[in-house]
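Next up, final_17.pdb (PDB, C-alpha atoms):
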ATOM      1  CA  MET K  19      42.533 -12.009 -29.798  1.00  0.00           C
ATOM      2  CA  PRO K  20      43.774  -8.411 -29.897  1.00  0.00           C
ATOM      3  CA  GLU K  21      46.865  -7.630 -27.871  1.00  0.00           C
ATOM      4  CA  PRO K  22      46.107  -5.313 -24.896  1.00  0.00           C
ATOM      5  CA  ALA K  23      47.330  -1.796 -25.578  1.00  0.00           C
ATOM      6  CA  ALA K  24      49.737  -1.790 -22.686  1.00  0.00           C
ATOM      7  CA  ARG K  25      50.506  -4.456 -20.160  1.00  0.00           C
ATOM      8  CA  LYS K  26      50.397  -2.533 -16.924  1.00  0.00           C
ATOM      9  CA  GLN K  27      50.759  -4.030 -13.504  1.00  0.00           C
ATOM     10  CA  ARG K  28      47.609  -6.102 -13.293  1.00  0.00           C
ATOM     11  CA  PRO K  29      45.724  -6.960 -11.197  1.00  0.00           C
ATOM     12  CA  LYS K  30      45.910  -3.830  -9.114  1.00  0.00           C
ATOM     13  CA  TYR K  31      45.655  -4.272  -5.383  1.00  0.00           C
ATOM     14  CA  LEU K  32      44.235  -1.200  -3.722  1.00  0.00           C
ATOM     15  CA  ASN K  33      44.665  -0.357  -0.077  1.00  0.00           C
ATOM     16  CA  LEU K  34      41.084   0.223   1.022  1.00  0.00           C
ATOM     17  CA  MET K  35      42.227   1.978   4.199  1.00  0.00           C
ATOM     18  CA  ALA K  36      44.228   4.555   2.236  1.00  0.00           C
ATOM     19  CA  ILE K  37      41.426   5.445  -0.184  1.00  0.00           C
ATOM     20  CA  ARG K  38      39.288   8.458   0.543  1.00  0.00           C
ATOM     21  CA  LEU K  39      35.928   7.799  -1.063  1.00  0.00           C
ATOM     22  CA  PRO K  40      33.525  10.512  -2.201  1.00  0.00           C
ATOM     23  CA  VAL K  41      30.189  10.565  -0.354  1.00  0.00           C
ATOM     24  CA  ALA K  42      28.551   8.699  -3.217  1.00  0.00           C
ATOM     25  CA  GLY K  43      31.111   5.927  -2.714  1.00  0.00           C
ATOM     26  CA  TYR K  44      30.028   5.421   0.881  1.00  0.00           C
ATOM     27  CA  ALA K  45      26.352   5.558  -0.087  1.00  0.00           C
ATOM     28  CA  SER K  46      27.072   2.965  -2.770  1.00  0.00           C
ATOM     29  CA  ILE K  47      28.881   0.573  -0.416  1.00  0.00           C
ATOM     30  CA  LEU K  48      26.042   0.941   2.086  1.00  0.00           C
ATOM     31  CA  HIS K  49      23.614   0.108  -0.747  1.00  0.00           C
ATOM     32  CA  ARG K  50      25.436  -3.169  -1.197  1.00  0.00           C
ATOM     33  CA  LEU K  51      25.758  -3.835   2.549  1.00  0.00           C
ATOM     34  CA  SER K  52      22.087  -3.104   3.200  1.00  0.00           C
ATOM     35  CA  GLY K  53      21.097  -5.414   0.351  1.00  0.00           C
ATOM     36  CA  ALA K  54      23.290  -8.211   1.685  1.00  0.00           C
ATOM     37  CA  GLY K  55      21.879  -7.762   5.179  1.00  0.00           C
ATOM     38  CA  MET K  56      18.287  -7.911   3.978  1.00  0.00           C
ATOM     39  CA  PHE K  57      19.086 -11.031   1.962  1.00  0.00           C
ATOM     40  CA  LEU K  58      20.515 -12.742   5.060  1.00  0.00           C
ATOM     41  CA  MET K  59      17.452 -11.801   7.123  1.00  0.00           C
ATOM     42  CA  LEU K  60      14.948 -12.864   4.458  1.00  0.00           C
ATOM     43  CA  PRO K  61      13.911 -16.159   6.128  1.00  0.00           C
ATOM     44  CA  PHE K  62      13.304 -14.262   9.392  1.00  0.00           C
ATOM     45  CA  LEU K  63      11.089 -11.749   7.577  1.00  0.00           C
ATOM     46  CA  VAL K  64       9.043 -14.452   5.839  1.00  0.00           C
ATOM     47  CA  TRP K  65       8.666 -16.141   9.229  1.00  0.00           C
ATOM     48  CA  LEU K  66       7.296 -12.872  10.670  1.00  0.00           C
ATOM     49  CA  LEU K  67       4.883 -12.590   7.721  1.00  0.00           C
ATOM     50  CA  GLN K  68       3.729 -16.148   8.336  1.00  0.00           C
ATOM     51  CA  MET K  69       3.164 -15.466  12.024  1.00  0.00           C
ATOM     52  CA  SER K  70       1.240 -12.252  11.335  1.00  0.00           C
ATOM     53  CA  LEU K  71      -1.171 -14.082   9.021  1.00  0.00           C
ATOM     54  CA  SER K  72      -1.404 -17.429  10.836  1.00  0.00           C
ATOM     55  CA  SER K  73      -4.055 -16.596  13.439  1.00  0.00           C
ATOM     56  CA  PRO K  74      -5.240 -13.778  15.720  1.00  0.00           C
ATOM     57  CA  GLU K  75      -2.905 -15.202  18.397  1.00  0.00           C
ATOM     58  CA  GLY K  76       0.018 -15.196  15.953  1.00  0.00           C
ATOM     59  CA  PHE K  77      -0.761 -11.612  15.025  1.00  0.00           C
ATOM     60  CA  GLN K  78      -0.794 -10.671  18.701  1.00  0.00           C
ATOM     61  CA  SER K  79       2.480 -12.464  19.433  1.00  0.00           C
ATOM     62  CA  LEU K  80       4.292 -10.278  16.887  1.00  0.00           C
ATOM     63  CA  GLY K  81       4.398  -7.647  19.613  1.00  0.00           C
ATOM     64  CA  ALA K  82       5.971 -10.124  22.033  1.00  0.00           C
ATOM     65  CA  VAL K  83       8.639 -11.113  19.490  1.00  0.00           C
ATOM     66  CA  ALA K  84       9.412  -7.449  18.725  1.00  0.00           C
ATOM     67  CA  ALA K  85       9.665  -6.711  22.449  1.00  0.00           C
ATOM     68  CA  HIS K  86      12.976  -8.570  22.680  1.00  0.00           C
ATOM     69  CA  PRO K  87      15.830  -6.004  22.621  1.00  0.00           C
ATOM     70  CA  LEU K  88      17.901  -7.995  20.116  1.00  0.00           C
ATOM     71  CA  VAL K  89      14.915  -8.384  17.763  1.00  0.00           C
ATOM     72  CA  LYS K  90      14.210  -4.657  18.110  1.00  0.00           C
ATOM     73  CA  LEU K  91      17.786  -3.906  17.095  1.00  0.00           C
ATOM     74  CA  ILE K  92      17.612  -6.273  14.102  1.00  0.00           C
ATOM     75  CA  LEU K  93      14.267  -4.824  12.983  1.00  0.00           C
ATOM     76  CA  LEU K  94      15.600  -1.278  13.329  1.00  0.00           C
ATOM     77  CA  GLY K  95      18.649  -2.274  11.275  1.00  0.00           C
ATOM     78  CA  LEU K  96      16.432  -3.864   8.617  1.00  0.00           C
ATOM     79  CA  LEU K  97      14.221  -0.781   8.550  1.00  0.00           C
ATOM     80  CA  TRP K  98      17.258   1.408   7.915  1.00  0.00           C
ATOM     81  CA  ALA K  99      18.572  -1.071   5.318  1.00  0.00           C
ATOM     82  CA  TYR K 100      15.268  -1.011   3.440  1.00  0.00           C
ATOM     83  CA  LEU K 101      15.062   2.777   3.560  1.00  0.00           C
ATOM     84  CA  HIS K 102      18.662   3.269   2.472  1.00  0.00           C
ATOM     85  CA  HIS K 103      18.312   0.717  -0.327  1.00  0.00           C
ATOM     86  CA  PHE K 104      15.045   2.380  -1.404  1.00  0.00           C
ATOM     87  CA  CYS K 105      16.412   5.951  -1.402  1.00  0.00           C
ATOM     88  CA  MET K 106      19.670   4.944  -3.069  1.00  0.00           C
ATOM     89  CA  GLY K 107      17.667   2.997  -5.654  1.00  0.00           C
ATOM     90  CA  ILE K 108      15.628   6.094  -6.485  1.00  0.00           C
ATOM     91  CA  ARG K 109      18.888   8.026  -6.849  1.00  0.00           C
ATOM     92  CA  VAL K 110      20.279   5.391  -9.227  1.00  0.00           C
ATOM     93  CA  LEU K 111      17.087   5.394 -11.303  1.00  0.00           C
ATOM     94  CA  LEU K 112      17.160   9.198 -11.540  1.00  0.00           C
ATOM     95  CA  ILE K 113      20.809   9.166 -12.637  1.00  0.00           C
ATOM     96  CA  ASP K 114      19.855   6.526 -15.242  1.00  0.00           C
ATOM     97  CA  VAL K 115      17.464   9.042 -16.798  1.00  0.00           C
ATOM     98  CA  HIS K 116      20.173  11.755 -16.555  1.00  0.00           C
ATOM     99  CA  VAL K 117      18.783  13.578 -13.552  1.00  0.00           C
ATOM    100  CA  GLY K 118      21.471  14.800 -11.139  1.00  0.00           C
ATOM    101  CA  VAL K 119      24.470  13.491 -13.061  1.00  0.00           C
ATOM    102  CA  GLU K 120      26.625  16.609 -12.464  1.00  0.00           C
ATOM    103  CA  LYS K 121      29.230  16.297  -9.737  1.00  0.00           C
ATOM    104  CA  SER K 122      27.653  18.769  -7.299  1.00  0.00           C
ATOM    105  CA  ALA K 123      24.139  17.349  -7.750  1.00  0.00           C
ATOM    106  CA  ALA K 124      25.383  13.762  -7.422  1.00  0.00           C
ATOM    107  CA  ASN K 125      27.247  14.679  -4.232  1.00  0.00           C
ATOM    108  CA  ALA K 126      24.208  16.413  -2.799  1.00  0.00           C
ATOM    109  CA  SER K 127      21.870  13.520  -3.628  1.00  0.00           C
ATOM    110  CA  ALA K 128      24.253  10.990  -2.053  1.00  0.00           C
ATOM    111  CA  LYS K 129      24.327  13.066   1.134  1.00  0.00           C
ATOM    112  CA  ALA K 130      20.535  13.367   1.017  1.00  0.00           C
ATOM    113  CA  VAL K 131      20.196   9.575   0.735  1.00  0.00           C
ATOM    114  CA  LEU K 132      22.412   9.024   3.793  1.00  0.00           C
ATOM    115  CA  VAL K 133      20.625  11.645   5.908  1.00  0.00           C
ATOM    116  CA  VAL K 134      17.050  10.914   4.846  1.00  0.00           C
ATOM    117  CA  SER K 135      17.331   7.154   5.343  1.00  0.00           C
ATOM    118  CA  VAL K 136      18.762   7.524   8.848  1.00  0.00           C
ATOM    119  CA  ALA K 137      16.190  10.174   9.770  1.00  0.00           C
ATOM    120  CA  LEU K 138      13.278   8.101   8.440  1.00  0.00           C
ATOM    121  CA  ALA K 139      14.607   4.983  10.201  1.00  0.00           C
ATOM    122  CA  VAL K 140      14.670   6.875  13.515  1.00  0.00           C
ATOM    123  CA  ILE K 141      11.181   8.346  13.023  1.00  0.00           C
ATOM    124  CA  LEU K 142       9.495   5.172  11.707  1.00  0.00           C
ATOM    125  CA  GLY K 143      11.444   2.912  14.056  1.00  0.00           C
ATOM    126  CA  GLY K 144      10.436   5.071  16.984  1.00  0.00           C
ATOM    127  CA  ALA K 145       6.807   4.967  15.930  1.00  0.00           C
ATOM    128  CA  LEU K 146       6.667   1.229  15.132  1.00  0.00           C
ATOM    129  CA  LEU K 147       9.073  -0.379  17.589  1.00  0.00           C
ATOM    130  CA  TRP K 148       8.875   1.793  20.692  1.00  0.00           C
TER     131      TRP K 148
ATOM    132  CA  MET E  28      40.594   2.762 -34.710  1.00  0.00           C
ATOM    133  CA  VAL E  29      40.344   0.038 -32.150  1.00  0.00           C
ATOM    134  CA  LYS E  30      37.832  -2.636 -32.943  1.00  0.00           C
ATOM    135  CA  ARG E  31      36.454  -3.730 -29.620  1.00  0.00           C
ATOM    136  CA  VAL E  32      35.897  -7.438 -29.268  1.00  0.00           C
ATOM    137  CA  VAL E  33      32.909  -8.080 -27.054  1.00  0.00           C
ATOM    138  CA  VAL E  34      33.462 -10.994 -24.752  1.00  0.00           C
ATOM    139  CA  GLY E  35      31.576 -12.384 -21.779  1.00  0.00           C
ATOM    140  CA  ALA E  36      28.268 -14.019 -21.166  1.00  0.00           C
ATOM    141  CA  HIS E  37      26.144 -11.166 -22.606  1.00  0.00           C
ATOM    142  CA  TYR E  38      23.689 -11.052 -19.728  1.00  0.00           C
ATOM    143  CA  GLY E  39      24.830  -7.653 -18.478  1.00  0.00           C
ATOM    144  CA  LEU E  40      22.249  -5.476 -20.209  1.00  0.00           C
ATOM    145  CA  LYS E  41      19.360  -7.809 -19.456  1.00  0.00           C
ATOM    146  CA  ASP E  42      20.330  -7.973 -15.784  1.00  0.00           C
ATOM    147  CA  TRP E  43      20.724  -4.203 -15.663  1.00  0.00           C
ATOM    148  CA  LEU E  44      17.209  -3.785 -17.041  1.00  0.00           C
ATOM    149  CA  VAL E  45      15.687  -6.480 -14.809  1.00  0.00           C
ATOM    150  CA  GLN E  46      17.269  -4.832 -11.761  1.00  0.00           C
ATOM    151  CA  ARG E  47      15.574  -1.517 -12.666  1.00  0.00           C
ATOM    152  CA  VAL E  48      12.172  -2.950 -13.533  1.00  0.00           C
ATOM    153  CA  THR E  49      11.985  -5.081 -10.387  1.00  0.00           C
ATOM    154  CA  ALA E  50      13.164  -2.092  -8.312  1.00  0.00           C
ATOM    155  CA  LEU E  51      10.380   0.087  -9.722  1.00  0.00           C
ATOM    156  CA  LEU E  52       7.723  -2.571  -9.068  1.00  0.00           C
ATOM    157  CA  MET E  53       8.935  -3.020  -5.487  1.00  0.00           C
ATOM    158  CA  ALA E  54       9.113   0.741  -4.924  1.00  0.00           C
ATOM    159  CA  LEU E  55       5.491   1.176  -6.039  1.00  0.00           C
ATOM    160  CA  TYR E  56       4.391  -1.722  -3.827  1.00  0.00           C
ATOM    161  CA  THR E  57       6.318  -0.206  -0.901  1.00  0.00           C
ATOM    162  CA  LEU E  58       4.615   3.171  -1.288  1.00  0.00           C
ATOM    163  CA  PHE E  59       1.216   1.460  -1.422  1.00  0.00           C
ATOM    164  CA  MET E  60       1.976  -0.679   1.627  1.00  0.00           C
ATOM    165  CA  MET E  61       3.305   2.243   3.661  1.00  0.00           C
ATOM    166  CA  VAL E  62      -0.235   3.621   3.572  1.00  0.00           C
ATOM    167  CA  ALA E  63      -2.333   0.447   3.364  1.00  0.00           C
ATOM    168  CA  ALA E  64      -0.569  -1.751   5.944  1.00  0.00           C
ATOM    169  CA  PRO E  65      -0.878   0.565   8.978  1.00  0.00           C
ATOM    170  CA  LEU E  66      -4.515   1.298   8.097  1.00  0.00           C
ATOM    171  CA  ALA E  67      -5.315  -2.409   7.786  1.00  0.00           C
ATOM    172  CA  ALA E  68      -3.341  -3.434  10.868  1.00  0.00           C
ATOM    173  CA  ALA E  69      -5.274  -0.870  12.898  1.00  0.00           C
ATOM    174  CA  GLY E  70      -8.176  -3.294  12.467  1.00  0.00           C
ATOM    175  CA  GLY E  71      -6.148  -6.044  14.157  1.00  0.00           C
ATOM    176  CA  TYR E  72      -5.701  -9.512  12.679  1.00  0.00           C
ATOM    177  CA  GLU E  73      -8.966  -9.387  10.704  1.00  0.00           C
ATOM    178  CA  GLY E  74      -8.000  -6.095   9.077  1.00  0.00           C
ATOM    179  CA  TRP E  75      -4.493  -7.278   8.201  1.00  0.00           C
ATOM    180  CA  ARG E  76      -5.774 -10.592   6.827  1.00  0.00           C
ATOM    181  CA  GLY E  77      -8.470  -8.758   4.912  1.00  0.00           C
ATOM    182  CA  LEU E  78      -5.879  -6.625   3.158  1.00  0.00           C
ATOM    183  CA  MET E  79      -3.528  -9.502   2.320  1.00  0.00           C
ATOM    184  CA  SER E  80      -6.303 -11.778   1.055  1.00  0.00           C
ATOM    185  CA  HIS E  81      -7.752  -9.133  -1.286  1.00  0.00           C
ATOM    186  CA  GLY E  82      -7.371 -10.253  -4.910  1.00  0.00           C
ATOM    187  CA  VAL E  83      -5.616  -7.131  -6.171  1.00  0.00           C
ATOM    188  CA  VAL E  84      -3.252  -7.068  -3.191  1.00  0.00           C
ATOM    189  CA  GLN E  85      -2.439 -10.754  -3.702  1.00  0.00           C
ATOM    190  CA  PHE E  86      -1.622 -10.049  -7.340  1.00  0.00           C
ATOM    191  CA  ALA E  87       0.649  -7.150  -6.317  1.00  0.00           C
ATOM    192  CA  THR E  88       2.241  -9.084  -3.447  1.00  0.00           C
ATOM    193  CA  PHE E  89       2.996 -12.017  -5.734  1.00  0.00           C
ATOM    194  CA  LEU E  90       4.695  -9.627  -8.176  1.00  0.00           C
ATOM    195  CA  PHE E  91       6.634  -8.150  -5.253  1.00  0.00           C
ATOM    196  CA  ILE E  92       7.830 -11.580  -4.102  1.00  0.00           C
ATOM    197  CA  VAL E  93       8.981 -12.584  -7.581  1.00  0.00           C
ATOM    198  CA  SER E  94      10.617  -9.172  -8.127  1.00  0.00           C
ATOM    199  CA  LEU E  95      12.418  -9.381  -4.793  1.00  0.00           C
ATOM    200  CA  ALA E  96      13.758 -12.869  -5.475  1.00  0.00           C
ATOM    201  CA  TYR E  97      15.009 -11.940  -8.958  1.00  0.00           C
ATOM    202  CA  HIS E  98      16.425  -8.582  -7.757  1.00  0.00           C
ATOM    203  CA  ALA E  99      18.195 -10.214  -4.792  1.00  0.00           C
ATOM    204  CA  TRP E 100      19.579 -12.960  -7.040  1.00  0.00           C
ATOM    205  CA  ILE E 101      21.285 -10.432  -9.320  1.00  0.00           C
ATOM    206  CA  GLY E 102      22.528  -8.345  -6.394  1.00  0.00           C
ATOM    207  CA  VAL E 103      23.865 -11.182  -4.253  1.00  0.00           C
ATOM    208  CA  ARG E 104      25.337 -13.009  -7.253  1.00  0.00           C
ATOM    209  CA  ASP E 105      27.248  -9.830  -8.147  1.00  0.00           C
ATOM    210  CA  ILE E 106      28.617  -9.657  -4.598  1.00  0.00           C
ATOM    211  CA  TRP E 107      29.960 -13.229  -4.879  1.00  0.00           C
ATOM    212  CA  MET E 108      31.362 -12.499  -8.352  1.00  0.00           C
ATOM    213  CA  ASP E 109      33.155  -9.411  -7.044  1.00  0.00           C
ATOM    214  CA  TYR E 110      34.753 -10.860  -3.926  1.00  0.00           C
ATOM    215  CA  VAL E 111      34.953 -14.652  -4.179  1.00  0.00           C
ATOM    216  CA  LYS E 112      37.620 -15.826  -6.612  1.00  0.00           C
ATOM    217  CA  PRO E 113      37.856 -19.635  -6.151  1.00  0.00           C
ATOM    218  CA  VAL E 114      35.406 -21.052  -8.699  1.00  0.00           C
ATOM    219  CA  GLY E 115      34.257 -23.962  -6.540  1.00  0.00           C
ATOM    220  CA  VAL E 116      33.455 -21.797  -3.526  1.00  0.00           C
ATOM    221  CA  ARG E 117      31.703 -19.257  -5.742  1.00  0.00           C
ATOM    222  CA  LEU E 118      29.591 -21.926  -7.403  1.00  0.00           C
ATOM    223  CA  ALA E 119      28.602 -23.292  -3.994  1.00  0.00           C
ATOM    224  CA  LEU E 120      27.617 -19.798  -2.830  1.00  0.00           C
ATOM    225  CA  HIS E 121      25.600 -19.211  -6.019  1.00  0.00           C
ATOM    226  CA  VAL E 122      23.716 -22.447  -5.476  1.00  0.00           C
ATOM    227  CA  ALA E 123      23.131 -21.653  -1.788  1.00  0.00           C
ATOM    228  CA  THR E 124      21.813 -18.198  -2.733  1.00  0.00           C
ATOM    229  CA  LEU E 125      19.410 -19.707  -5.260  1.00  0.00           C
ATOM    230  CA  VAL E 126      18.221 -22.276  -2.740  1.00  0.00           C
ATOM    231  CA  VAL E 127      17.505 -19.578  -0.120  1.00  0.00           C
ATOM    232  CA  LEU E 128      15.777 -17.256  -2.598  1.00  0.00           C
ATOM    233  CA  VAL E 129      13.630 -19.864  -4.326  1.00  0.00           C
ATOM    234  CA  GLY E 130      12.787 -21.422  -0.962  1.00  0.00           C
ATOM    235  CA  CYS E 131      11.808 -18.120   0.637  1.00  0.00           C
ATOM    236  CA  ALA E 132       9.798 -17.060  -2.416  1.00  0.00           C
ATOM    237  CA  GLY E 133       7.886 -20.351  -2.415  1.00  0.00           C
ATOM    238  CA  TRP E 134       7.302 -20.114   1.318  1.00  0.00           C
ATOM    239  CA  ALA E 135       5.989 -16.538   1.029  1.00  0.00           C
ATOM    240  CA  VAL E 136       3.716 -17.408  -1.898  1.00  0.00           C
ATOM    241  CA  GLN E 137       2.324 -20.365   0.037  1.00  0.00           C
ATOM    242  CA  ILE E 138       1.563 -18.088   3.032  1.00  0.00           C
ATOM    243  CA  LEU E 139      -0.191 -15.701   0.671  1.00  0.00           C
ATOM    244  CA  TRP E 140      -2.263 -18.217  -1.258  1.00  0.00           C
ATOM    245  CA  ARG E 141      -3.413 -20.123   1.778  1.00  0.00           C
ATOM    246  CA  LEU E 142      -5.372 -17.062   2.946  1.00  0.00           C
TER     247      LEU E 142
END
Encoding of this model in structure tokens:
Amino acid sequence: MPEPAARKQRPKYLNLMAIRLPVAGYASILHRLSGAGMFLMLPFLVWLLQMSLSSPEGFQSLGAVAAHPLVKLILLGLLWAYLHHFCMGIRVLLIDVHVGVEKSAANASAKAVLVVSVALAVILGGALLW
Amino acid sequence: MVKRVVVGAHYGLKDWLVQRVTALLMALYTLFMMVAAPLAAAGGYEGWRGLMSHGVVQFATFLFIVSLAYHAWIGVRDIWMDYVKPVGVRLALHVATLVVLVGCAGWAVQILWRL
């Protein structure tokens, strides 16, 4: 085993509250959070799929389930999570093929992801849930 | 010159690639569904069922389900690896994640193939 070049103070413990992240950092953390949230809600989503395809009555009762304020809030959150994860994923794929790697472009695309996903969530959520 | 000794489990590159391929498949499916689902659902239950029981759509939906399960496995596993240090707890969380993902995937496939 090679000896490490210099034994610094490891592990480093960073104070998350004192760190100012770039926009892309926030977009990245939200990518992770949205993914985790969708994972936790996965059984609920499969249950909704099952209900929608079970019978005409089941299909109709989707509206009744979505009428509950708490369910509306969860569905709106999931809609945003999907949109954010989707947009951020596109950004990651583009950076993989060396599109928008420069600092200014990467900053702009991270901001675009944050804005577009919220805007689309409001528009689509408004159309589908209200 | 420093000769780098590669250590680790060597699944990094494969996982990186899988995460991209599954993401692309799901993105394409999403774009298709954003158009097809509202159109089909406008026809009520029969329209929605008609879409989901179509052979090509079933093929694509099955791919989506498998992609989602694999994609979520890599993503959620990485979250546990990043934040949960005790090996026993981490192992338990990995197993629980697999159980949820395989269970949900099987459940979704069964809904699909019963149509």
Provide as a ChimeraX atom specification the residues of chain E at most 10 Å from chain K, counting only C-alpha atoms. /E:29-32,46-48,50-51,53-54,57,65,68,71-73,75-77,79-80,95-96,98-100,102-103,105-106,124,127-128,130-132,134-139,141-142
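Put simply, CA of Met108 (chain E) is 17.5 Å away from CA of Ser52 (chain K).
Distance-wise, CA of Leu93 (chain K) and CA of Ala126 (chain K) end up 28.3 Å apart.
Taking CA of Ser46 (chain K) as the reference point, CA of Leu90 (chain E) is found at 26.2 Å.
Omitting Pro40 (chain K) and its sequence neighbours fewer than 2 positions away, and counting all atoms listed in the file, the residues within 12 Å are Ile37, Arg38, Ala42, Gly43, Tyr44, Ala45, Ser46, Ile47, Lys121, Ser122, Ala124, Asn125, Ala126, Ala128 and Lys129 of chain K.
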For region 44-58 of chain E, supply N, CA and C atoms and report the output as a PDB file, in the frame of the given file.
ATOM      1  N   LEU E  44      18.612  -4.176 -16.835  1.00  0.00           N
ATOM      2  CA  LEU E  44      17.209  -3.785 -17.041  1.00  0.00           C
ATOM      3  C   LEU E  44      16.292  -4.451 -16.020  1.00  0.00           C
ATOM      4  N   VAL E  45      16.503  -5.750 -15.789  1.00  0.00           N
ATOM      5  CA  VAL E  45      15.687  -6.480 -14.809  1.00  0.00           C
ATOM      6  C   VAL E  45      15.810  -5.822 -13.438  1.00  0.00           C
ATOM      7  N   GLN E  46      17.047  -5.431 -13.070  1.00  0.00           N
ATOM      8  CA  GLN E  46      17.269  -4.832 -11.761  1.00  0.00           C
ATOM      9  C   GLN E  46      16.457  -3.539 -11.617  1.00  0.00           C
ATOM     10  N   ARG E  47      16.338  -2.768 -12.705  1.00  0.00           N
ATOM     11  CA  ARG E  47      15.574  -1.517 -12.666  1.00  0.00           C
ATOM     12  C   ARG E  47      14.069  -1.760 -12.639  1.00  0.00           C
ATOM     13  N   VAL E  48      13.617  -2.684 -13.465  1.00  0.00           N
ATOM     14  CA  VAL E  48      12.172  -2.950 -13.533  1.00  0.00           C
ATOM     15  C   VAL E  48      11.666  -3.522 -12.207  1.00  0.00           C
ATOM     16  N   THR E  49      12.411  -4.491 -11.664  1.00  0.00           N
ATOM     17  CA  THR E  49      11.985  -5.081 -10.387  1.00  0.00           C
ATOM     18  C   THR E  49      12.042  -4.028  -9.278  1.00  0.00           C
ATOM     19  N   ALA E  50      13.049  -3.146  -9.331  1.00  0.00           N
ATOM     20  CA  ALA E  50      13.164  -2.092  -8.312  1.00  0.00           C
ATOM     21  C   ALA E  50      11.945  -1.175  -8.363  1.00  0.00           C
ATOM     22  N   LEU E  51      11.538  -0.805  -9.579  1.00  0.00           N
ATOM     23  CA  LEU E  51      10.380   0.087  -9.722  1.00  0.00           C
ATOM     24  C   LEU E  51       9.111  -0.576  -9.191  1.00  0.00           C
ATOM     25  N   LEU E  52       8.910  -1.855  -9.544  1.00  0.00           N
ATOM     26  CA  LEU E  52       7.723  -2.571  -9.068  1.00  0.00           C
ATOM     27  C   LEU E  52       7.709  -2.624  -7.547  1.00  0.00           C
ATOM     28  N   MET E  53       8.868  -2.925  -6.944  1.00  0.00           N
ATOM     29  CA  MET E  53       8.935  -3.020  -5.487  1.00  0.00           C
ATOM     30  C   MET E  53       8.749  -1.657  -4.838  1.00  0.00           C
ATOM     31  N   ALA E  54       9.266  -0.607  -5.488  1.00  0.00           N
ATOM     32  CA  ALA E  54       9.113   0.741  -4.924  1.00  0.00           C
ATOM     33  C   ALA E  54       7.637   1.142  -4.896  1.00  0.00           C
ATOM     34  N   LEU E  55       6.925   0.844  -5.991  1.00  0.00           N
ATOM     35  CA  LEU E  55       5.491   1.176  -6.039  1.00  0.00           C
ATOM     36  C   LEU E  55       4.730   0.404  -4.964  1.00  0.00           C
ATOM     37  N   TYR E  56       5.046  -0.885  -4.842  1.00  0.00           N
ATOM     38  CA  TYR E  56       4.391  -1.722  -3.827  1.00  0.00           C
ATOM     39  C   TYR E  56       4.677  -1.169  -2.429  1.00  0.00           C
ATOM     40  N   THR E  57       5.927  -0.743  -2.214  1.00  0.00           N
ATOM     41  CA  THR E  57       6.318  -0.206  -0.901  1.00  0.00           C
ATOM     42  C   THR E  57       5.501   1.028  -0.563  1.00  0.00           C
ATOM     43  N   LEU E  58       5.375   1.941  -1.539  1.00  0.00           N
ATOM     44  CA  LEU E  58       4.615   3.171  -1.288  1.00  0.00           C
ATOM     45  C   LEU E  58       3.162   2.840  -0.951  1.00  0.00           C
TER      46      LEU E  58
END
